[in-house]
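What's in protein35.txt: compact mmCIF, C-alpha atoms
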# COMPACT_ATOMS: atom_id res chain seq x y z
CA MET A 1 -66.30 -60.60 64.36
CA THR A 2 -64.08 -60.39 61.30
CA CYS A 3 -65.24 -59.71 57.75
CA ASP A 4 -64.30 -63.26 56.77
CA GLU A 5 -66.63 -64.69 59.38
CA ALA A 6 -69.37 -62.20 58.62
CA GLU A 7 -69.15 -62.97 54.90
CA VAL A 8 -70.34 -66.51 55.54
CA LEU A 9 -72.64 -65.84 58.49
CA LEU A 10 -74.56 -63.01 56.90
CA HIS A 11 -76.07 -65.55 54.53
CA ALA A 12 -77.40 -67.52 57.46
CA LEU A 13 -78.79 -64.24 58.74
CA ILE A 14 -80.61 -63.61 55.46
CA ASP A 15 -81.95 -67.15 55.45
CA GLY A 16 -83.17 -67.03 59.03
CA GLU A 17 -80.84 -69.84 60.08
CA LEU A 18 -78.90 -67.97 62.76
CA ASP A 19 -79.74 -68.13 66.43
CA ALA A 20 -80.41 -64.84 68.17
CA GLY A 21 -76.93 -64.52 69.68
CA HIS A 22 -75.05 -64.94 66.40
CA ALA A 23 -77.58 -62.81 64.57
CA ARG A 24 -76.82 -59.97 66.93
CA GLU A 25 -73.06 -60.43 66.43
CA VAL A 26 -73.43 -60.28 62.65
CA GLU A 27 -75.71 -57.27 62.89
CA ASN A 28 -73.19 -55.51 65.14
CA HIS A 29 -70.43 -56.18 62.64
CA ILE A 30 -72.54 -54.91 59.77
CA ALA A 31 -73.38 -51.73 61.63
CA ASP A 32 -69.67 -50.86 61.63
CA CYS A 33 -68.63 -52.29 58.29
CA PRO A 34 -69.89 -50.56 55.13
CA ARG A 35 -68.46 -53.30 52.92
CA CYS A 36 -70.37 -56.12 54.59
CA ALA A 37 -73.44 -53.91 54.89
CA ALA A 38 -73.39 -53.34 51.12
CA ALA A 39 -73.03 -57.07 50.50
CA LEU A 40 -75.94 -57.83 52.81
CA ARG A 41 -78.10 -55.24 51.08
CA ASP A 42 -77.27 -56.64 47.63
CA TYR A 43 -77.89 -60.23 48.69
CA ARG A 44 -81.25 -59.30 50.18
CA GLU A 45 -82.13 -57.51 46.99
CA MET A 46 -81.07 -60.53 44.96
CA SER A 47 -83.32 -62.83 47.00
CA LYS A 48 -86.17 -60.40 46.57
CA ALA A 49 -85.56 -60.13 42.82
CA ILE A 50 -85.58 -63.92 42.49
CA ALA A 51 -88.77 -64.25 44.50
CA GLU A 52 -90.43 -61.56 42.41
CA ALA A 53 -89.19 -62.66 39.00
CA GLY A 54 -89.98 -66.31 39.60
CA ALA A 55 -87.05 -68.34 38.35
CA GLY A 56 -88.90 -71.65 38.42
CA TYR A 57 -90.12 -73.67 35.48
CA THR A 58 -93.49 -75.25 34.80
CA ALA A 59 -93.37 -78.94 33.97
CA PRO A 60 -94.74 -79.60 30.48
CA ALA A 61 -98.23 -81.10 30.46
CA ALA A 62 -96.97 -84.04 28.41
CA LEU A 63 -94.50 -84.94 31.17
CA ARG A 64 -97.25 -84.93 33.77
CA GLN A 65 -99.36 -87.17 31.54
CA ARG A 66 -96.52 -89.60 30.96
CA ILE A 67 -95.93 -89.94 34.70
CA GLU A 68 -99.65 -90.32 35.37
CA ALA A 69 -99.91 -92.99 32.66
CA ALA A 70 -97.03 -94.94 34.15
CA LEU A 71 -98.72 -95.21 37.55
CA PRO A 72 -101.36 -97.88 38.24
CA GLN A 73 -104.77 -96.40 37.60
CA PRO A 74 -107.13 -95.94 40.52
CA ARG A 75 -110.28 -98.05 40.74
CA GLN A 76 -113.63 -96.44 40.21
CA THR A 77 -114.50 -96.63 43.91
CA THR A 78 -111.33 -94.98 45.11
CA ASN A 79 -112.67 -91.47 45.16
CA ARG A 80 -115.44 -92.14 47.63
CA ARG A 81 -113.20 -94.23 49.81
CA ALA A 82 -110.56 -91.52 49.74
CA VAL A 83 -113.06 -89.00 51.01
CA LEU A 84 -114.14 -91.28 53.85
CA ARG A 85 -110.55 -91.99 54.70
CA GLY A 86 -109.91 -88.26 54.78
CA PHE A 87 -112.59 -87.82 57.41
CA ALA A 88 -111.29 -90.68 59.50
CA MET A 89 -107.79 -89.34 59.35
CA GLY A 90 -108.91 -85.84 60.22
CA SER A 91 -110.65 -86.85 63.39
CA ALA A 92 -107.83 -89.17 64.42
CA LEU A 93 -105.41 -86.30 64.02
CA SER A 94 -107.47 -83.88 66.05
CA ALA A 95 -108.01 -86.48 68.75
CA LEU A 96 -104.29 -86.94 68.95
CA ALA A 97 -103.70 -83.20 69.10
CA ALA A 98 -106.40 -82.70 71.71
CA SER A 99 -105.00 -85.41 73.94
CA GLY A 100 -101.74 -83.55 74.00
CA LEU A 101 -99.78 -86.59 72.92
CA ILE A 102 -97.92 -84.57 70.36
CA ALA A 103 -95.15 -82.67 72.01
CA ILE A 104 -94.54 -79.61 69.93
CA VAL A 105 -90.82 -79.36 69.63
CA LEU A 106 -89.34 -76.97 67.15
CA ARG A 107 -86.16 -78.21 65.63
CA HIS A 108 -84.00 -75.46 64.25
CA ASP A 109 -84.38 -76.60 60.66
CA ASP A 110 -88.15 -76.57 61.02
CA VAL A 111 -88.27 -72.94 62.03
CA GLU A 112 -88.25 -71.61 58.53
CA ARG A 113 -90.85 -74.02 57.21
CA ILE A 114 -93.15 -73.25 60.10
CA GLN A 115 -92.71 -69.53 59.57
CA SER A 116 -93.79 -69.89 56.00
CA GLU A 117 -96.80 -71.97 57.13
CA VAL A 118 -97.64 -69.23 59.59
CA VAL A 119 -97.57 -66.71 56.76
CA SER A 120 -99.82 -68.96 54.67
CA ALA A 121 -102.24 -69.23 57.59
CA HIS A 122 -102.16 -65.44 57.88
CA LEU A 123 -102.94 -65.09 54.16
CA ARG A 124 -105.80 -67.61 54.39
CA SER A 125 -107.24 -65.69 57.32
CA LEU A 126 -107.45 -62.53 55.23
CA GLN A 127 -109.85 -64.14 52.77
CA ALA A 128 -113.43 -63.08 53.27
CA GLY A 129 -115.08 -64.76 56.22
CA HIS A 130 -111.96 -66.58 57.42
CA LEU A 131 -110.50 -64.12 59.87
CA THR A 132 -112.33 -64.98 63.07
CA ASP A 133 -114.31 -67.91 64.45
CA VAL A 134 -115.29 -65.88 67.48
CA ILE A 135 -115.71 -62.16 67.09
CA SER A 136 -115.32 -60.12 70.21
CA THR A 137 -113.34 -57.20 71.50
CA ASP A 138 -113.70 -58.68 74.97
CA GLN A 139 -110.82 -60.87 76.12
CA HIS A 140 -113.16 -62.61 78.58
CA THR A 141 -115.23 -63.85 75.63
CA VAL A 142 -112.35 -64.82 73.36
CA LYS A 143 -110.28 -66.66 75.96
CA PRO A 144 -112.97 -69.17 77.09
CA TRP A 145 -113.95 -69.80 73.50
CA PHE A 146 -110.62 -71.60 72.99
CA ASN A 147 -111.13 -73.85 76.01
CA GLY A 148 -111.70 -77.43 75.00
CA LYS A 149 -110.78 -76.72 71.38
CA LEU A 150 -107.05 -76.86 71.97
CA ASP A 151 -104.80 -78.60 74.47
CA VAL A 152 -103.45 -75.20 75.35
CA SER A 153 -105.52 -72.03 75.32
CA PRO A 154 -103.63 -69.03 74.02
CA PRO A 155 -103.39 -66.08 76.37
CA VAL A 156 -105.76 -63.34 75.26
CA VAL A 157 -104.67 -59.86 76.23
CA ASP A 158 -106.59 -56.66 75.63
CA LEU A 159 -104.22 -54.12 74.08
CA THR A 160 -106.83 -51.60 72.96
CA ALA A 161 -105.42 -48.93 75.24
CA GLN A 162 -102.01 -49.50 73.63
CA GLY A 163 -103.40 -49.02 70.12
CA PHE A 164 -104.03 -52.63 69.12
CA THR A 165 -107.68 -53.63 69.02
CA LEU A 166 -108.62 -57.21 69.86
CA ILE A 167 -111.10 -58.41 67.25
CA GLY A 168 -111.43 -62.11 67.93
CA GLY A 169 -109.96 -65.58 67.83
CA ARG A 170 -109.71 -68.43 65.40
CA LEU A 171 -108.70 -72.05 65.23
CA ASP A 172 -106.03 -72.58 62.58
CA TYR A 173 -103.68 -75.28 61.38
CA VAL A 174 -99.93 -74.94 61.29
CA ASP A 175 -97.49 -77.80 60.91
CA ALA A 176 -100.50 -80.16 60.65
CA ARG A 177 -101.65 -79.23 64.12
CA ALA A 178 -104.51 -77.19 65.47
CA ILE A 179 -103.22 -73.90 66.77
CA GLY A 180 -104.88 -70.88 68.33
CA ALA A 181 -104.81 -67.53 66.56
CA VAL A 182 -105.72 -64.33 68.38
CA VAL A 183 -106.57 -61.54 65.99
CA TYR A 184 -105.78 -57.88 66.51
CA ARG A 185 -106.19 -54.87 64.34
CA ARG A 186 -104.16 -51.67 64.08
CA ARG A 187 -105.69 -49.14 61.71
CA GLN A 188 -106.40 -51.22 58.58
CA HIS A 189 -103.74 -53.82 59.39
CA VAL A 190 -104.57 -57.24 60.74
CA ILE A 191 -102.21 -58.94 63.17
CA ASN A 192 -102.55 -62.68 63.67
CA LEU A 193 -100.92 -63.89 66.85
CA PHE A 194 -100.40 -67.65 66.59
CA VAL A 195 -99.72 -69.49 69.83
CA SER A 196 -98.59 -73.07 70.29
CA GLN A 197 -97.18 -75.15 73.06
CA THR A 198 -93.50 -75.97 73.23
CA SER A 199 -91.70 -78.50 75.37
CA SER A 200 -89.11 -75.92 76.34
CA THR A 201 -89.94 -73.42 79.05
CA GLU A 202 -86.88 -71.39 78.22
CA ARG A 203 -87.56 -67.82 77.23
CA ARG A 204 -86.40 -67.01 73.72
CA ALA A 205 -86.00 -63.38 72.81
CA ALA A 206 -87.99 -62.00 69.92
CA LYS A 207 -86.70 -62.15 66.40
CA ILE A 208 -88.28 -60.42 63.42
CA ASP A 209 -88.16 -61.93 59.95
CA THR A 210 -89.75 -60.98 56.69
CA ILE A 211 -91.34 -63.65 54.53
CA GLN A 212 -93.23 -62.89 51.32
CA GLY A 213 -93.49 -59.27 52.37
CA PHE A 214 -95.01 -60.05 55.77
CA ASN A 215 -93.22 -59.38 59.00
CA ILE A 216 -93.10 -62.10 61.63
CA ARG A 217 -92.12 -61.55 65.23
CA HIS A 218 -91.36 -64.84 66.90
CA TRP A 219 -90.65 -65.39 70.56
CA SER A 220 -91.07 -68.04 73.23
CA ASP A 221 -92.01 -67.64 76.84
CA ARG A 222 -93.22 -69.93 79.62
CA GLY A 223 -93.71 -72.95 77.42
CA LEU A 224 -95.47 -71.16 74.59
CA ASN A 225 -94.29 -70.25 71.10
CA TYR A 226 -95.62 -67.03 69.63
CA TRP A 227 -95.68 -65.80 66.07
CA ALA A 228 -97.14 -62.36 65.39
CA VAL A 229 -97.69 -61.92 61.64
CA SER A 230 -98.77 -58.77 59.87
CA ASP A 231 -98.16 -56.43 56.99
CA LEU A 232 -97.48 -53.79 59.61
CA ALA A 233 -94.04 -52.18 59.48
CA LYS A 234 -91.37 -53.95 61.53
CA ASP A 235 -91.17 -51.27 64.20
CA GLU A 236 -94.93 -51.31 64.77
CA LEU A 237 -95.00 -55.10 64.92
CA ALA A 238 -92.09 -55.01 67.37
CA ASP A 239 -94.08 -52.49 69.38
CA PHE A 240 -97.06 -54.85 69.40
CA GLY A 241 -94.91 -57.73 70.61
CA GLU A 242 -93.34 -55.66 73.36
CA LYS A 243 -96.71 -54.40 74.54
CA PHE A 244 -98.03 -57.95 74.56
CA GLU A 245 -95.05 -59.30 76.46
CA SER A 246 -95.15 -56.57 79.07
CA ALA A 247 -98.91 -57.08 79.51
CA MET A 248 -98.18 -60.79 80.09
CA ARG A 249 -95.60 -59.95 82.73
CA ALA A 250 -97.93 -57.53 84.52
CA PRO A 251 -99.55 -59.03 87.62
CA GLY A 252 -103.13 -60.23 87.32
CA MET B 1 -94.41 -98.26 30.47
CA PRO B 2 -96.83 -99.13 33.26
CA ILE B 3 -95.00 -100.39 36.30
CA ASN B 4 -96.33 -103.85 36.65
CA ALA B 5 -99.79 -102.37 36.93
CA SER B 6 -101.53 -105.65 37.71
CA ASP B 7 -99.54 -106.27 40.88
CA GLU B 8 -99.48 -102.76 42.25
CA ASP B 9 -101.97 -101.52 44.75
CA PRO B 10 -104.06 -98.70 43.26
CA GLU B 11 -104.35 -97.36 46.77
CA LYS B 12 -100.59 -96.92 46.91
CA ALA B 13 -100.70 -95.15 43.55
CA ARG B 14 -103.37 -92.81 44.84
CA ARG B 15 -101.37 -91.95 47.94
CA PHE B 16 -98.28 -91.47 45.81
CA ARG B 17 -100.11 -89.16 43.40
CA GLU B 18 -101.40 -87.02 46.23
CA ALA B 19 -98.04 -86.82 47.95
CA ALA B 20 -95.64 -86.52 45.03
CA LEU B 21 -97.37 -84.95 42.04
CA PRO B 22 -97.93 -81.54 43.66
CA HIS B 23 -94.12 -81.17 43.65
CA LEU B 24 -93.77 -81.83 39.94
CA ASN B 25 -92.99 -78.23 38.98
CA ASP B 26 -90.38 -77.97 41.72
CA VAL B 27 -88.74 -81.24 40.74
CA TYR B 28 -88.77 -80.20 37.09
CA THR B 29 -87.27 -76.82 37.99
CA LEU B 30 -84.41 -78.46 39.87
CA ALA B 31 -83.82 -80.84 36.95
CA ARG B 32 -83.69 -77.91 34.52
CA TYR B 33 -81.04 -76.17 36.60
CA LEU B 34 -79.01 -79.31 37.29
CA LEU B 35 -79.00 -80.57 33.70
CA ARG B 36 -79.42 -77.30 31.79
CA SER B 37 -81.42 -79.07 29.10
CA ALA B 38 -85.20 -79.24 28.74
CA ASP B 39 -85.22 -82.71 27.17
CA ASP B 40 -82.81 -84.24 29.67
CA ALA B 41 -84.76 -82.64 32.49
CA GLU B 42 -88.00 -84.28 31.33
CA ASP B 43 -86.37 -87.69 31.14
CA ALA B 44 -84.74 -87.28 34.53
CA VAL B 45 -87.98 -86.17 36.20
CA GLN B 46 -89.90 -89.08 34.75
CA GLU B 47 -87.24 -91.53 35.92
CA CYS B 48 -87.23 -89.81 39.32
CA TYR B 49 -90.97 -90.28 39.77
CA LEU B 50 -90.84 -93.91 38.72
CA ARG B 51 -88.05 -94.62 41.17
CA ALA B 52 -89.85 -92.69 43.89
CA PHE B 53 -92.99 -94.75 43.31
CA ARG B 54 -91.01 -97.97 43.53
CA HIS B 55 -89.52 -96.88 46.87
CA PHE B 56 -92.70 -95.25 48.16
CA ASP B 57 -93.47 -98.23 50.42
CA GLY B 58 -90.34 -97.53 52.40
CA TYR B 59 -90.94 -93.79 52.54
CA ARG B 60 -91.37 -92.56 56.12
CA GLY B 61 -90.56 -88.92 55.69
CA PRO B 62 -89.10 -86.47 56.39
CA ALA B 63 -90.62 -84.13 53.84
CA MET B 64 -91.68 -85.27 50.37
CA LYS B 65 -89.98 -82.49 48.43
CA PRO B 66 -86.39 -83.06 49.68
CA TRP B 67 -86.93 -86.80 49.32
CA LEU B 68 -87.85 -86.38 45.65
CA PHE B 69 -84.93 -84.00 45.18
CA ALA B 70 -82.50 -86.55 46.59
CA ILE B 71 -83.80 -89.17 44.14
CA LEU B 72 -83.66 -86.70 41.27
CA ARG B 73 -80.12 -85.84 42.15
CA ASN B 74 -79.11 -89.50 41.91
CA VAL B 75 -80.80 -89.76 38.54
CA CYS B 76 -78.90 -86.68 37.39
CA ARG B 77 -75.59 -88.16 38.60
CA ALA B 78 -76.13 -90.98 36.14
CA GLU B 79 -76.81 -88.45 33.41
CA TYR B 80 -73.59 -86.56 34.25
CA ALA B 81 -71.69 -89.81 34.02
CA ARG B 82 -73.22 -90.51 30.63
CA ARG B 83 -72.25 -87.04 29.40
CA ALA B 84 -68.73 -87.42 30.70
CA ALA B 85 -68.45 -90.62 28.73
CA ALA B 86 -69.70 -88.87 25.59
CA PRO B 87 -67.74 -85.61 25.49
CA THR B 88 -68.84 -84.83 21.95
CA SER B 89 -72.28 -83.90 23.23
CA ALA B 90 -72.76 -80.17 22.87
CA ILE B 91 -75.88 -79.98 25.01
CA GLU B 92 -73.90 -79.09 28.09
CA ASP B 93 -72.74 -75.78 26.70
CA VAL B 94 -76.05 -74.41 25.59
CA PRO B 95 -77.82 -72.60 28.38
CA GLU B 96 -81.47 -72.10 27.65
CA SER B 97 -83.18 -68.89 28.10
CA ALA B 98 -85.59 -67.63 25.51
CA GLU B 99 -87.28 -70.85 24.47
CA GLN B 100 -89.39 -71.13 27.58
CA ALA B 101 -92.36 -68.83 27.90
CA PRO B 102 -92.21 -66.74 31.07
CA LEU B 103 -94.19 -68.17 33.95
CA TRP B 104 -95.45 -64.87 35.19
CA HIS B 105 -96.38 -61.54 33.74
CA GLU B 106 -94.24 -58.67 34.75
CA ALA B 107 -96.07 -56.07 36.75
CA GLU B 108 -96.29 -52.55 35.44
CA GLN B 109 -93.08 -50.81 36.36
CA THR B 110 -93.34 -47.75 38.50
CA PRO B 111 -90.68 -45.07 37.96
CA GLU B 112 -89.30 -45.81 41.44
CA ALA B 113 -88.84 -49.47 40.64
CA GLN B 114 -86.88 -48.64 37.52
CA LEU B 115 -84.23 -46.91 39.55
CA GLN B 116 -83.55 -50.09 41.43
CA HIS B 117 -81.88 -53.28 40.33
CA ARG B 118 -84.19 -55.28 38.17
CA TRP B 119 -83.89 -58.72 36.75
CA ASP B 120 -86.12 -60.36 34.27
CA SER B 121 -86.49 -64.09 34.67
CA ASP B 122 -84.49 -64.89 31.54
CA THR B 123 -81.45 -62.96 32.75
CA LEU B 124 -81.88 -64.51 36.14
CA ARG B 125 -82.06 -68.03 34.79
CA ARG B 126 -79.09 -67.43 32.52
CA LEU B 127 -76.93 -66.12 35.37
CA VAL B 128 -77.91 -68.94 37.71
CA ALA B 129 -77.37 -71.53 34.99
CA ALA B 130 -73.87 -70.13 34.44
CA LEU B 131 -72.86 -70.89 38.03
CA ALA B 132 -70.55 -73.86 38.41
CA GLU B 133 -71.84 -77.01 39.98
CA PRO B 134 -72.15 -77.52 43.00
CA PHE B 135 -72.75 -73.84 43.71
CA ARG B 136 -75.67 -73.81 41.30
CA GLU B 137 -77.27 -76.76 43.03
CA THR B 138 -76.98 -75.22 46.49
CA PHE B 139 -78.19 -71.85 45.26
CA VAL B 140 -81.26 -73.27 43.50
CA LEU B 141 -82.20 -75.43 46.49
CA ARG B 142 -82.01 -72.40 48.77
CA GLU B 143 -83.25 -69.46 46.72
CA ILE B 144 -85.71 -71.07 44.35
CA GLN B 145 -86.83 -74.15 46.28
CA ASN B 146 -86.70 -72.58 49.76
CA LEU B 147 -85.10 -75.57 51.45
CA SER B 148 -83.51 -75.14 54.86
CA TYR B 149 -79.74 -75.59 55.22
CA ARG B 150 -80.29 -78.97 56.85
CA GLU B 151 -82.54 -80.14 54.04
CA ILE B 152 -80.01 -78.98 51.46
CA ALA B 153 -77.27 -80.82 53.35
CA GLU B 154 -79.33 -84.00 53.22
CA VAL B 155 -80.18 -83.68 49.53
CA ALA B 156 -76.61 -82.85 48.52
CA GLU B 157 -75.10 -85.29 51.02
CA VAL B 158 -72.68 -82.77 52.50
CA PRO B 159 -72.29 -81.19 55.97
CA VAL B 160 -74.25 -78.01 56.75
CA GLY B 161 -70.96 -76.07 56.89
CA THR B 162 -70.33 -76.99 53.26
CA VAL B 163 -73.82 -75.81 52.35
CA MET B 164 -73.06 -72.47 53.98
CA SER B 165 -69.75 -71.94 52.23
CA ARG B 166 -71.17 -73.02 48.86
CA LEU B 167 -74.09 -70.66 49.26
CA ALA B 168 -71.76 -67.81 50.19
CA ARG B 169 -69.64 -68.48 47.10
CA ALA B 170 -72.69 -68.83 44.86
CA ARG B 171 -74.22 -65.56 46.00
CA ALA B 172 -70.90 -63.74 45.76
CA MET B 173 -70.41 -64.98 42.17
CA LEU B 174 -73.94 -64.07 41.25
CA ARG B 175 -73.58 -60.65 42.79
CA SER B 176 -70.48 -59.96 40.66
CA ALA B 177 -72.27 -61.21 37.57
CA TRP B 178 -75.21 -58.99 38.42
CA LEU B 179 -73.06 -55.91 38.91
CA ALA B 180 -71.26 -56.61 35.62
CA GLU B 181 -74.61 -56.99 33.89
CA GLU B 182 -75.75 -53.63 35.24
CA GLU B 183 -72.59 -51.91 34.09
CA GLN B 184 -73.15 -53.24 30.58
CA GLN B 185 -76.67 -51.93 30.52
CA GLN B 186 -75.58 -48.43 31.44
Take the structure in the file and give it back as structure tokens.
Amino acid sequence: MTCDEAEVLLHALIDGELDAGHAREVENHIADCPRCAAALRDYREMSKAIAEAGAGYTAPAALRQRIEAALPQPRQTTNRRAVLRGFAMGSALSALAASGLIAIVLRHDDVERIQSEVVSAHLRSLQAGHLTDVISTDQHTVKPWFNGKLDVSPPVVDLTAQGFTLIGGRLDYVDARAIGAVVYRRRQHVINLFVSQTSSTERRAAKIDTIQGFNIRHWSDRGLNYWAVSDLAKDELADFGEKFESAMRAPG
Amino acid sequence: MPINASDEDPEKARRFREAALPHLNDVYTLARYLLRSADDAEDAVQECYLRAFRHFDGYRGPAMKPWLFAILRNVCRAEYARRAAAPTSAIEDVPESAEQAPLWHEAEQTPEAQLQHRWDSDTLRRLVAALAEPFRETFVLREIQNLSYREIAEVAEVPVGTVMSRLARARAMLRSAWLAEEEQQQ
């Protein structure tokens, strides 16, 4: 790969828009090219600075009021009806999800949005009392708990011997769908492993991204999409993923 | 200026509020960067929401935020045209920085952090605002609004390849500006 190509593609690398093959090519180029490596480092730092500084604006309250005033006002009864409608919609959605009618297909441009939803779900789970619906260090308790709650039960693997303690499972919502989360702990760090069904049975090699300071390891195997999210360092999260994948490949 | 309030379905208004109003800050932010004027941005955002409400019946996705952005962008086009027709207007050349109160409070700086590059939001906004259109638009949609390349392509009505090259140019320009800024400070 030439510097000219890398100069454009390294942005797609930063933005998580490159497929694994091209990402590797860009990374190989950067490993040998100090100039492109410096550019990549600066661009990453710029993105970080922007995220930290917050370059957005807050709309003035008067603007919000003017827009509100220009819209037809709701009737008095709307609130109660809205609540009822919310319930109806909720159960219709879960029925649809449970019947497996929704094929979960990840389009490339959705990947980033879903990753950020996964991070949000991870953050929500860290709030008091939200981490686990079923608390158990026993995979034979956690696994059956998911049965009937999701159209696909996530694989639950005990990795205690490898340094990752299984602490339970949880039902979560990502991309407006119910999704299983298996929760592990390493020292004080929580790892949420989100698992959803995908229409593709193709194996996709793992890729690690960082969003809002959390590391995400995403891979696909045998019709399932996996996202492992944690504040663990990248190498430890990679280690977790590799241990999980090799445990899945082991017989029995 | 109620929009024909008697004829409109309050139920539609409720759905619209729930779907569109949570994005108000993002839409306003984009308007500020596109128009570089607080007053014009307010007008454009209001017009954007009124148009969006009018077309809300036909809205079938994809995502609400890029949809609003695309409408806002069309509103801003009209504003550009107006400005082009009235070249005496000086608004265009005045980037804003200090008038807006910061939206966040800067964390206490550790000595380590001070050794690294640091930007305050005013500098950041000034440098981004100085980028030429359409690089500014692409940059803001990506870095501040977190849109995917495909979403940016749809909002800006250009191919994804154009988004990529604009973003590369924008970041390269901003990087030079940043390095120059740092040199000045030293």
Spatial neighbours of segment 172-183 of chain B, max dist 10 Å, only C-alpha atoms, sep filter under 2 positions, as a ChimeraX atom specification: /A:7,39,42-43,46 /B:117-119,123-124,127-128,130-132,135-136,139,166-170,185-186
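Excluding segment 64-79 of chain B itself and any same-chain residue fewer than 4 positions from it, the protein and nucleic acid residues within 9 Å of it, counting all atoms listed in the file, are Ala19, Ala20, His23, Asp26, Val27, Leu30, Ala31, Leu34, Leu35, Asp40, Ala41, Ala44, Val45, Glu47, Cys48, Tyr49, Arg51, Ala52, Tyr59, Arg83, Ala84, Leu147, Glu151, Ile152, Glu154, Val155, Ala156 and Glu157 of chain B.
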Please report as a PyMOL selection string which residues of chain A come no farther than 10 Å from chain B, using all atoms listed in the file. chain A and resi 7-12+15-17+39+42-43+45-60+62-64+66-75+78-79+81-82+108-113+116
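Taking atom CA of Gln212 of chain A and atom CA of His29 of chain A as endpoints, the distance between them is 26.3 Å.
Between atom CA of Trp227 of chain A and atom CA of Pro144 of chain A the separation is 20.8 Å.
If you look at atom CA of Ala181 of chain A and atom CA of Thr165 of chain A, they are 14.4 Å away from each other.
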Edge lengths and centre in Å to one decimal, as JSON, of the axis-aligned box that encloses all listed atoms of segment 169-184 of chain B with 4 Å added on every side?
{"center_x": -72.7, "center_y": -60.4, "center_z": 38.8, "size_x": 14.1, "size_y": 24.9, "size_z": 24.5}
Which one is closest to Gln115 of chain A: A:Lys243, A:Arg170, A:Arg249, A:Lys207? Count all atoms listed in the file. A:Lys207
List the neighbours of Ile216 of chain A out to 6 Å using all atoms listed in the file; skip same-chain residues closer than 3 positions along the sequence, and give me the result as a PDB file with C-alpha atoms, keeping the file's coordinate frame.
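Once everything was written out, this is out.pdb:
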ATOM      1  CA  ILE A 208     -88.280 -60.420  63.420  1.00  0.00           C
ATOM      2  CA  ASP A 209     -88.160 -61.930  59.950  1.00  0.00           C
ATOM      3  CA  ALA A 228     -97.140 -62.360  65.390  1.00  0.00           C
ATOM      4  CA  VAL A 229     -97.690 -61.920  61.640  1.00  0.00           C
TER       5      VAL A 229
END
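Among the candidates A:Asp175, A:Phe194, A:Val183, A:Ala161, the one nearest to Ile135 of chain A when counting all atoms listed in the file is A:Val183.
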